[in-house]
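The block underneath contains the structure these notes are about, expressed in structure tokens.
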Amino acid sequence: MRAAILRNVGDTALDVCDDVELIEPGPTDVIVDITHTGICHSDLSVMNGTIPERIPSVLGHEGAGIVAEVGDAVTSVSVGDHVIAVWSPPCGNCVYCLGHKRPNLCANLQFGIMLRPQFRQGDQDLGAMCGVGTFADRTLLPEQAVVQIDAGVPLETAALVGCGVMTGVGAALNTAKVAPGSSVVVLGAGGVGISAIQGARIAGAADIVAVDRNPAKLGVARSFGATEAVLPEDLDEVKAAMNGGQGFDYALECIGHPVTMRAAYDAVRRGGTCCIVGVGRVEEQLSFSAFEIFFNEKNLVGSYYGGADVRVDFHRMLRLAEAGQLDLAGMIDRRLSLEDINDGIDALLTGDVVRQVVEL
Ligand code: PAD
Ligand code: ZN
């Protein structure tokens, strides 16, 4: 089967091959025929070393498809079911899944599956991004890493729910808990940021300001619900109009640089919430004065997978889309084949696209 492989950290292109196999599935595994996968900035971040991953690896973690095989012990899905792949699957039994009710933070399966090779090419074992590997015709997942959806839902838009949409909408609704009538600034208007803008709109925010360095993204952000969209140099001016000059109630950073994380923190008023969604490099640091943390009483919170319980929240996203409150189809700028995936990676680097979907 076909798969797009990252050979070395630092490579600017993936190696698209057609002689890749899956490893033997175990009794609790599911084989999924991937029909669609989005290209997320996190795939690029694995390529450039921002996100550590075993190498060589099949990238892709935002996908949907149809169950092709199930192991003997699988009970939750059957062959033919339509599913969304999950990049941080809840084991269902641990202190995060049950005790703290934070199943997005359960790492029992994520790190387990990341450690086993998922694919093979000749004699070489290949890993899979986050244990998912959706840049492939088929992938192998534990049953907890698939969420069954209604067969009537378009798999193309379902794929986006698997990462960018769940992450951005979930950051607004689950993590930041945006309140009706509030003011929100979203930094970065890519797939995650546009989803965060939509999440803020769904939550009933009165002011939703998008900030992006790419002027082409400002109109895009408005079309998804931003009430205003500005270049980074104009952020202070809009901030001055919020809460009598104090700043925004919420900031959602959807870029992944220390500078924009700090700008997000500075953009919120005292007592406001700064939610960091973007992923920076392990060695990069963000600094705060030891006085301002106490003095401003701002809530600084990270958001991992939109704080989602995927078993419930994927369906919430799809219901919002069905009800016309969440525009998924409009987020797709380009449809590509796996052979053209490197064009898609180049386009994401320019910041001109919201989401591109690879049809497998
Ligand atoms: P994207 O590349 O589609 O969008 C990024 C946007 O930010 C583009 O519109 C850029 O023009 C804009 N941008 C870049 N640099 C700047 C800057 N300095 N100032 C202003 N605008 C800028 O990315 P994405 O939406 O796919 O992902 C965004 C981040 O979210 C990225 O860091 C990714 O790794 C992270 C992510 N986090 C999670 C999570 O669980 N927290 C999940 C998925 C993705
Ligand atoms: Zn992603």
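The chains in the structure tokens are called A, B, ... from first to last as shown; in each chain the residues are counted from 1, and the ligands are counted from 1 in the order shown.
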Spatial neighbours of region 348-356 of chain A, 6 Å, only C-alpha atoms, chain gap at least 2 places, as a list in words: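 With the cut-off at 6 Å, the set is Gly38, Ile39, Gly190, Gly191, Met331, Ile332, Asp333, Arg334, Arg335, Ile345 and Asp346 of chain A.
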Within-7 Å residues of ligand 1, basis only C-alpha atoms and all ligand atoms, as an NGL selection string: :A and (40-42 or 45 or 163-164 or 167 or 187-193 or 211-214 or 217 or 232 or 254-257 or 260 or 277-280 or 303-306 or 348-349 or 351-355)
Would you put the residues from that selection into a file with N, CA, C and O atoms, as a compact mmCIF listing (two decimals), in the first residue's frame?
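Heads up, here's the output in again-v6.txt:
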# COMPACT_ATOMS: atom_id res chain seq x y z
N CYS A 40 -2.03 18.97 8.87
CA CYS A 40 -2.03 19.87 10.03
C CYS A 40 -0.61 20.43 10.20
O CYS A 40 0.37 19.80 9.79
N HIS A 41 -0.51 21.60 10.82
CA HIS A 41 0.83 22.15 11.03
C HIS A 41 1.70 21.22 11.89
O HIS A 41 2.92 21.23 11.77
N SER A 42 1.07 20.42 12.73
CA SER A 42 1.87 19.50 13.56
C SER A 42 2.63 18.49 12.72
O SER A 42 3.69 18.01 13.14
N SER A 45 5.61 20.21 11.94
CA SER A 45 6.42 20.34 13.16
C SER A 45 7.19 19.07 13.46
O SER A 45 8.24 19.13 14.11
N CYS A 163 -8.36 16.31 14.24
CA CYS A 163 -7.35 17.13 14.94
C CYS A 163 -7.74 18.59 14.97
O CYS A 163 -8.17 19.09 16.00
N GLY A 164 -7.58 19.31 13.85
CA GLY A 164 -7.66 20.77 13.88
C GLY A 164 -8.97 21.32 14.44
O GLY A 164 -8.95 22.25 15.26
N THR A 167 -9.37 20.47 18.15
CA THR A 167 -8.40 21.24 18.93
C THR A 167 -8.84 22.70 19.08
O THR A 167 -8.83 23.24 20.18
N LEU A 187 -4.94 34.27 17.90
CA LEU A 187 -3.70 34.53 17.16
C LEU A 187 -3.41 33.34 16.26
O LEU A 187 -3.25 32.22 16.76
N GLY A 188 -3.36 33.58 14.95
CA GLY A 188 -3.14 32.52 13.98
C GLY A 188 -4.46 32.06 13.40
O GLY A 188 -5.34 31.61 14.14
N ALA A 189 -4.61 32.21 12.09
CA ALA A 189 -5.87 31.83 11.43
C ALA A 189 -5.63 30.71 10.44
O ALA A 189 -6.00 30.78 9.27
N GLY A 190 -4.98 29.64 10.92
CA GLY A 190 -4.87 28.41 10.14
C GLY A 190 -6.05 27.50 10.50
O GLY A 190 -7.07 27.97 11.02
N GLY A 191 -5.88 26.21 10.25
CA GLY A 191 -6.97 25.28 10.54
C GLY A 191 -7.38 25.30 12.00
O GLY A 191 -8.57 25.27 12.33
N VAL A 192 -6.41 25.39 12.90
CA VAL A 192 -6.72 25.39 14.33
C VAL A 192 -7.32 26.74 14.72
O VAL A 192 -8.34 26.81 15.43
N GLY A 193 -6.72 27.84 14.26
CA GLY A 193 -7.21 29.18 14.62
C GLY A 193 -8.61 29.44 14.07
O GLY A 193 -9.46 30.00 14.77
N VAL A 211 -5.86 37.58 14.56
CA VAL A 211 -4.57 38.21 14.26
C VAL A 211 -3.76 37.22 13.42
O VAL A 211 -3.58 36.06 13.82
N ASP A 212 -3.32 37.66 12.26
CA ASP A 212 -2.47 36.80 11.42
C ASP A 212 -1.53 37.68 10.63
O ASP A 212 -1.89 38.78 10.21
N ARG A 213 -0.30 37.19 10.42
CA ARG A 213 0.67 38.00 9.69
C ARG A 213 0.43 37.94 8.18
O ARG A 213 1.02 38.71 7.43
N ASN A 214 -0.39 36.99 7.75
CA ASN A 214 -0.69 36.84 6.33
C ASN A 214 -1.96 37.64 6.01
O ASN A 214 -3.06 37.26 6.44
N LYS A 217 -5.27 36.06 5.14
CA LYS A 217 -6.03 35.32 6.15
C LYS A 217 -7.06 36.20 6.86
O LYS A 217 -7.95 35.69 7.53
N PRO A 232 -0.39 41.58 13.09
CA PRO A 232 0.14 41.63 14.46
C PRO A 232 0.46 43.05 14.95
O PRO A 232 0.24 43.37 16.12
N CYS A 254 -2.81 30.20 18.56
CA CYS A 254 -2.88 29.03 17.65
C CYS A 254 -1.77 29.11 16.62
O CYS A 254 -2.00 28.90 15.42
N ILE A 255 -0.55 29.44 17.06
CA ILE A 255 0.60 29.54 16.15
C ILE A 255 1.74 28.63 16.63
O ILE A 255 2.22 27.79 15.89
N GLY A 256 2.19 28.85 17.88
CA GLY A 256 3.23 27.97 18.40
C GLY A 256 4.61 28.60 18.53
O GLY A 256 5.61 27.88 18.52
N HIS A 257 4.67 29.94 18.65
CA HIS A 257 5.97 30.61 18.87
C HIS A 257 5.95 31.30 20.23
O HIS A 257 4.92 31.88 20.62
N THR A 260 4.51 34.90 20.07
CA THR A 260 3.05 35.05 19.95
C THR A 260 2.34 34.53 21.20
O THR A 260 1.26 35.00 21.54
N VAL A 277 -2.56 27.06 22.52
CA VAL A 277 -2.91 25.89 21.71
C VAL A 277 -1.72 25.50 20.82
O VAL A 277 -1.46 24.33 20.58
N GLY A 278 -1.01 26.51 20.31
CA GLY A 278 0.13 26.26 19.42
C GLY A 278 1.23 25.48 20.13
O GLY A 278 1.37 25.57 21.36
N VAL A 279 2.00 24.74 19.35
CA VAL A 279 3.05 23.88 19.90
C VAL A 279 4.41 24.44 19.51
O VAL A 279 4.74 24.52 18.32
N GLY A 280 5.21 24.83 20.51
CA GLY A 280 6.56 25.31 20.26
C GLY A 280 7.58 24.21 20.49
O GLY A 280 7.24 23.09 20.86
N SER A 303 -3.73 23.88 26.09
CA SER A 303 -4.88 23.08 25.63
C SER A 303 -4.37 21.94 24.76
O SER A 303 -3.75 22.18 23.72
N TYR A 304 -4.60 20.73 25.22
CA TYR A 304 -4.12 19.52 24.52
C TYR A 304 -5.33 18.86 23.90
O TYR A 304 -6.23 18.41 24.60
N TYR A 305 -5.35 18.83 22.56
CA TYR A 305 -6.48 18.20 21.83
C TYR A 305 -7.82 18.83 22.23
O TYR A 305 -8.83 18.14 22.39
N GLY A 306 -7.79 20.14 22.46
CA GLY A 306 -9.03 20.85 22.79
C GLY A 306 -9.70 20.35 24.06
O GLY A 306 -10.91 20.52 24.24
N LEU A 348 1.20 24.79 2.97
CA LEU A 348 0.95 25.08 4.39
C LEU A 348 2.04 26.00 4.95
O LEU A 348 1.78 26.86 5.78
N LEU A 349 3.26 25.83 4.44
CA LEU A 349 4.37 26.67 4.89
C LEU A 349 4.13 28.15 4.56
O LEU A 349 4.56 29.03 5.31
N GLY A 351 1.34 29.63 4.64
CA GLY A 351 0.27 30.17 5.48
C GLY A 351 -0.94 30.62 4.69
O GLY A 351 -1.81 31.30 5.21
N ASP A 352 -1.04 30.21 3.42
CA ASP A 352 -2.16 30.67 2.58
C ASP A 352 -3.39 29.79 2.69
O ASP A 352 -4.45 30.18 2.20
N VAL A 353 -3.27 28.62 3.27
CA VAL A 353 -4.40 27.69 3.27
C VAL A 353 -4.91 27.48 4.70
O VAL A 353 -4.17 27.66 5.66
N VAL A 354 -6.19 27.13 4.81
CA VAL A 354 -6.74 26.77 6.11
C VAL A 354 -6.52 25.27 6.31
O VAL A 354 -5.79 24.84 7.18
N ARG A 355 -7.14 24.47 5.47
CA ARG A 355 -6.90 23.03 5.52
C ARG A 355 -6.87 22.47 4.11
O ARG A 355 -7.63 22.90 3.24
Nearest candidate to Gly63 (chain A) (options A:Ala159, A:Leu286, A:Ile341, A:Cys106; using only C-alpha atoms):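 Looking only at the distances to Gly63 (chain A), the closest residue turns out to be A:Ala159.
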Region 123-140 of chain A environment, 9 Å, only C-alpha atoms, sequence neighbours closer than 5 positions dropped, as an MDAnalysis selection string: chainID A and resid 1:5 20:25 29:39 43 46 53:65 68 85:88 109:118 145 338 341 358 360
Close residues, Gln144 (chain A) itself excluded, 7 Å, only C-alpha atoms, min 4 positions apart in chain, as an NGL selection string: :A and (89-91)
Let's have the selection written as a PDB file, in the first residue's frame, with C-alpha atoms.
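So selection.pdb came out as:
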ATOM      1  CA  PRO A  89      -6.863   7.867  22.636  1.00  0.00           C
ATOM      2  CA  PRO A  90      -8.287   7.417  26.140  1.00  0.00           C
ATOM      3  CA  CYS A  91      -7.513   4.007  27.658  1.00  0.00           C
TER       4      CYS A  91
END
Sel. of alpha helix (DSSP H) residues, region 20-224 of chain A, as an MDAnalysis selection string: chainID A and resid 41:47 108:115 155:160 166:170 191:203 216:223
Proximity to Val230 (chain A) - best of A:Ile51, A:Ala267, A:Val185, A:Ala107, only C-alpha atoms: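 Nearest candidate to Val230 (chain A) out of A:Ile51, A:Ala267, A:Val185, A:Ala107: A:Val185.
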Residue set, region 15-216 of chain A restricted to strand (DSSP E or B), as a ChimeraX atom specification: /A:15-17,21-22,29-38,57-58,63-70,82-85,119-121,124-128,136,138-142,146-149,183-187,207-211
